[in-house]
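Here the structure comes first, spelled out in structure tokens, and everything after it is commentary.
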Amino acid sequence: MDCKYLHRCGSCALTISYNEQKKLKIAKIKELFGKFYSGEFEFFQSNETGFRSRAEFGIWHEDGDISYCMRGVNSQKLPIDSCQIVDLKISNLMPRLLNAIKDDEALVGRLFGVEFISSAKSLVATLLYHKDINQIYDNLARLQSRLEIGLIARSRGVKLEFGNVNIDEILMVNGRKFYYTMSDTAFIQPNRNMNEKMISWAVDGIMGGADLIELYCGHGNFTIPISFKFQKVLATEISKSSIDMALKNCKLNSVNNIKFARLSAAEIMSAMAKEREFERLRGVDLDSYKFSHILVDPPRAGCEDSVLKFMSGIDNIIYISCNPHTLRDNLNILSQTHKVVKFAIFDQFVHTNHIECGVILEKFN
Ligand SMILES: C[S@@+](CC[C@H](N)C(=O)[O-])C[C@H]1O[C@@H](n2cnc3c(N)ncnc32)[C@H](O)[C@@H]1O
């Protein structure tokens, strides 16, 4: 990547060639996981540029002018006018949006950040302010009609929306289209193309079985395409907006064998252990499920002890992880009951040291 900010921008901290990045990541994963798995570590390559469909920038104010900015390698702010890792829709919008904001002084004052989300059918920008945005309502409405994008403005405790701010996505999973609607406030995989590869890998990697339980399911990103391999699916997640979207996504894809419930991982574990009953599980007969598989895609902290204990009793595990270190800690426990049969590296976070992994485990006989 020949970005003019390379070596100065703190975002793309891994400045070696893509081939070297690939070798480095494979070596790191082999070193961390070699003791659990001697098979092939599949590496899923990303585009080197234009791969991020979600991005956040600061706003730099100087001499009455504004520009986008990133955290520099020396932790100081680095003004930028473009970014090569964001997708085409976002990179085309960036200068248009900035110029349109500059044309209206009221929109410039106390603007401190901009977030972008793009998907197959949507493009939404969120302006972040340190002031009462109700005072600039009309200015924001004019900005939206000039740019014809979904526009959100936020300040402490206030959110204003202009135009269509739904984030509507179409993902191709093994040649089949899946439809999603997503919330700007909840988790969204940042690299669309890699997300399609991850879901396809997970769907392909399992033979299917009786019933699936999924924790940390978000808006049903994996749940919906994988549900076709199972009789019934129980999927849980802590975020209310994600669960609201997951329910809509079932309808969009005409799927009717999934029960989504808003429960933290700890809550569903205590419900499964019959320690607590939850109103949010009303009408769900937990005893009717015969879980042959569990799918987890936890936050960076990995799975908590009660989840690991539960997983150790399930025959097949699909574990998606954005943190190899907590994944290794969790595999130290799971490897007492299960063997790793497939391991993939998904290069979601190109030009950074972050690595996303997928692991499939089977219970020892
Ligand atoms: C890495 S994201 C994965 C989401 C989803 N699998 C996807 O691909 O979009 C992790 C998810 O875990 C959820 N989460 C965080 N802490 C949780 C907890 N303690 N219990 C249940 N879900 C949690 C987050 O809201 C987020 O949706």
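By order in the structure tokens, chains are A, B, ...; within a chain, residues start at 1; ligands start at 1, following the order shown.
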
Which residues sit within 6 Å of ligand 1, counting only C-alpha atoms and all ligand atoms, listed as a ChimeraX atom specification? /A:187-189,216-218,221-222,237-239,264-265,297-299

Name all residues at most 10 Å from Phe162 of chain A (count only C-alpha atoms; drop same-chain ones fewer than 4 positions away) and give them as a list in words.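 The contact residues come out as Val124, Tyr137, Leu140, Ala141, Arg142, Leu143, Gln144, Ser145, Glu148, Ile149, Gly150, Leu151, Ile152 and Ala153 of chain A.
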
Measuring between only C-alpha atoms, which one of A:Ile85, A:Met207, A:Met182, A:Ala273 shows the shortest distance to Ser46 of chain A?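 Using only C-alpha atoms, the shortest distance to Ser46 of chain A belongs to A:Ile85.
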
I need the residues in segment 189-325 of chain A that are helix (DSSP H, G or I) according to DSSP; give them as a PyMOL selection string. chain A and resi 192-204+223-229+240-252+265-272+279-281+286-288+305-311+324-325

Report as a PDB file with C-alpha atoms, in the first residue's frame all protein, DNA and RNA residues lying within 6 Å of Ile59 of chain A, evaluated on only C-alpha atoms, omitting residues in the same chain fewer than 2 positions from it.
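around.pdb, freshly written:
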ATOM      1  CA  SER A  67      -9.733  18.199   8.435  1.00  0.00           C
ATOM      2  CA  TYR A  68     -10.049  14.532   9.310  1.00  0.00           C
ATOM      3  CA  CYS A  69      -7.419  13.228  11.702  1.00  0.00           C
ATOM      4  CA  PHE A 112     -14.966  16.345  17.054  1.00  0.00           C
ATOM      5  CA  GLY A 113     -15.443  13.118  15.069  1.00  0.00           C
TER       6      GLY A 113
END

With only C-alpha atoms as the basis for distance, which of A:Ala210, A:Ile199, A:Ile224, A:Cys12 is at the shortest distance from Asp315 of chain A? A:Ala210

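The shortest atom-to-atom distance to Leu295 of chain A, with only C-alpha atoms taken into account, belongs to A:Gly220 out of A:Gly220, A:Gly163, A:Gly109, A:Gly10.
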
Show me, as a PyMOL selection string, the residues that have an atom within 12 Å of Asp2 of chain A when counting only C-alpha atoms, minus same-chain residues fewer than 5 positions from it. chain A and resi 7+12+15-18+48-49+83-85

Which polymer residues have any atom within 9 Å of an atom of Ser241 of chain A, counting only C-alpha atoms, with same-chain residues fewer than 3 positions away left out, as a PyMOL selection string? chain A and resi 182-183+185-186+218-219+244-246

Output for the residues just chosen: N, CA, C and O atoms as a short mmCIF file (atom, residue, chain, number, x, y, z; two decimals), in the first residue's frame:
data_model
loop_
_atom_site.label_atom_id
_atom_site.label_comp_id
_atom_site.auth_asym_id
_atom_site.auth_seq_id
_atom_site.Cartn_x
_atom_site.Cartn_y
_atom_site.Cartn_z
N MET A 182 -28.97 -3.73 10.09
CA MET A 182 -28.07 -3.64 11.24
C MET A 182 -28.22 -2.28 11.92
O MET A 182 -28.66 -1.32 11.30
N SER A 183 -27.82 -2.24 13.19
CA SER A 183 -27.93 -1.00 13.94
C SER A 183 -26.58 -0.30 13.99
O SER A 183 -25.55 -0.94 14.18
N THR A 185 -25.46 1.41 16.27
CA THR A 185 -24.91 1.45 17.64
C THR A 185 -24.40 0.09 18.10
O THR A 185 -23.83 -0.02 19.18
N ALA A 186 -24.63 -0.96 17.32
CA ALA A 186 -24.23 -2.29 17.77
C ALA A 186 -23.06 -2.81 16.95
O ALA A 186 -22.64 -2.18 15.98
N GLY A 218 -24.87 -11.32 18.12
CA GLY A 218 -25.06 -10.05 17.41
C GLY A 218 -26.41 -10.01 16.70
O GLY A 218 -27.43 -10.46 17.23
N HIS A 219 -26.42 -9.49 15.47
CA HIS A 219 -27.68 -9.37 14.71
C HIS A 219 -27.97 -10.62 13.88
O HIS A 219 -28.78 -10.56 12.95
N ASP A 244 -32.98 -6.98 18.45
CA ASP A 244 -34.08 -6.42 17.65
C ASP A 244 -33.81 -6.63 16.16
O ASP A 244 -34.70 -7.00 15.39
N MET A 245 -32.55 -6.39 15.75
CA MET A 245 -32.18 -6.56 14.34
C MET A 245 -32.21 -8.04 13.95
O MET A 245 -32.65 -8.39 12.85
N ALA A 246 -31.75 -8.90 14.85
CA ALA A 246 -31.72 -10.34 14.57
C ALA A 246 -33.13 -10.85 14.25
O ALA A 246 -33.33 -11.65 13.33
#

Residue contacts of Glu304 of chain A (12 Å, only C-alpha atoms) excluding same-chain residues fewer than 4 positions away, as a PyMOL selection string: chain A and resi 215-216+264-267+269+296+298-300+308-311+326-327+329-330+333

Atom pair atom CA of Leu107 of chain A / atom CA of Val86 of chain A: separation (Å):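 If I compute the distance from atom CA of Leu107 of chain A to atom CA of Val86 of chain A, I get 23.8 Å.
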
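Near Tyr129 of chain A, within 6 Å and counting only C-alpha atoms, sit Arg110, Leu111, Phe112 and Ser155 of chain A, not including residues fewer than 4 positions from it in the same chain.
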
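With only C-alpha atoms as the atoms that count, the minimum distance from Lys25 of chain A to the choices A:Ile345, A:Ala120, A:Val359, A:Ile170 is reached by A:Ile345.
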
Between atom CA of Leu212 of chain A and atom CA of Ala344 of chain A, what is the spacing in Å?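 Here the two named atoms are 20.9 Å from each other.
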
Point out the residue among A:Ser227, A:Thr236, A:Asn256, A:Gln348 with the least atom-to-atom distance to Ala202 of chain A, counting only C-alpha atoms.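 Looking at the shortest contact to Ala202 of chain A, the residue is A:Ser227.
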
So which one's closest to Leu334 of chain A, A:Ala235, A:Ala301, A:Phe36, A:Ala271? Using only C-alpha atoms, please.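 Selected residue with least distance to Leu334 of chain A: A:Phe36.
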
Find the distance between atom CA of Val350 of chain A and atom CA of Arg54 of chain A and write it in Å to one decimal. 13.8 Å
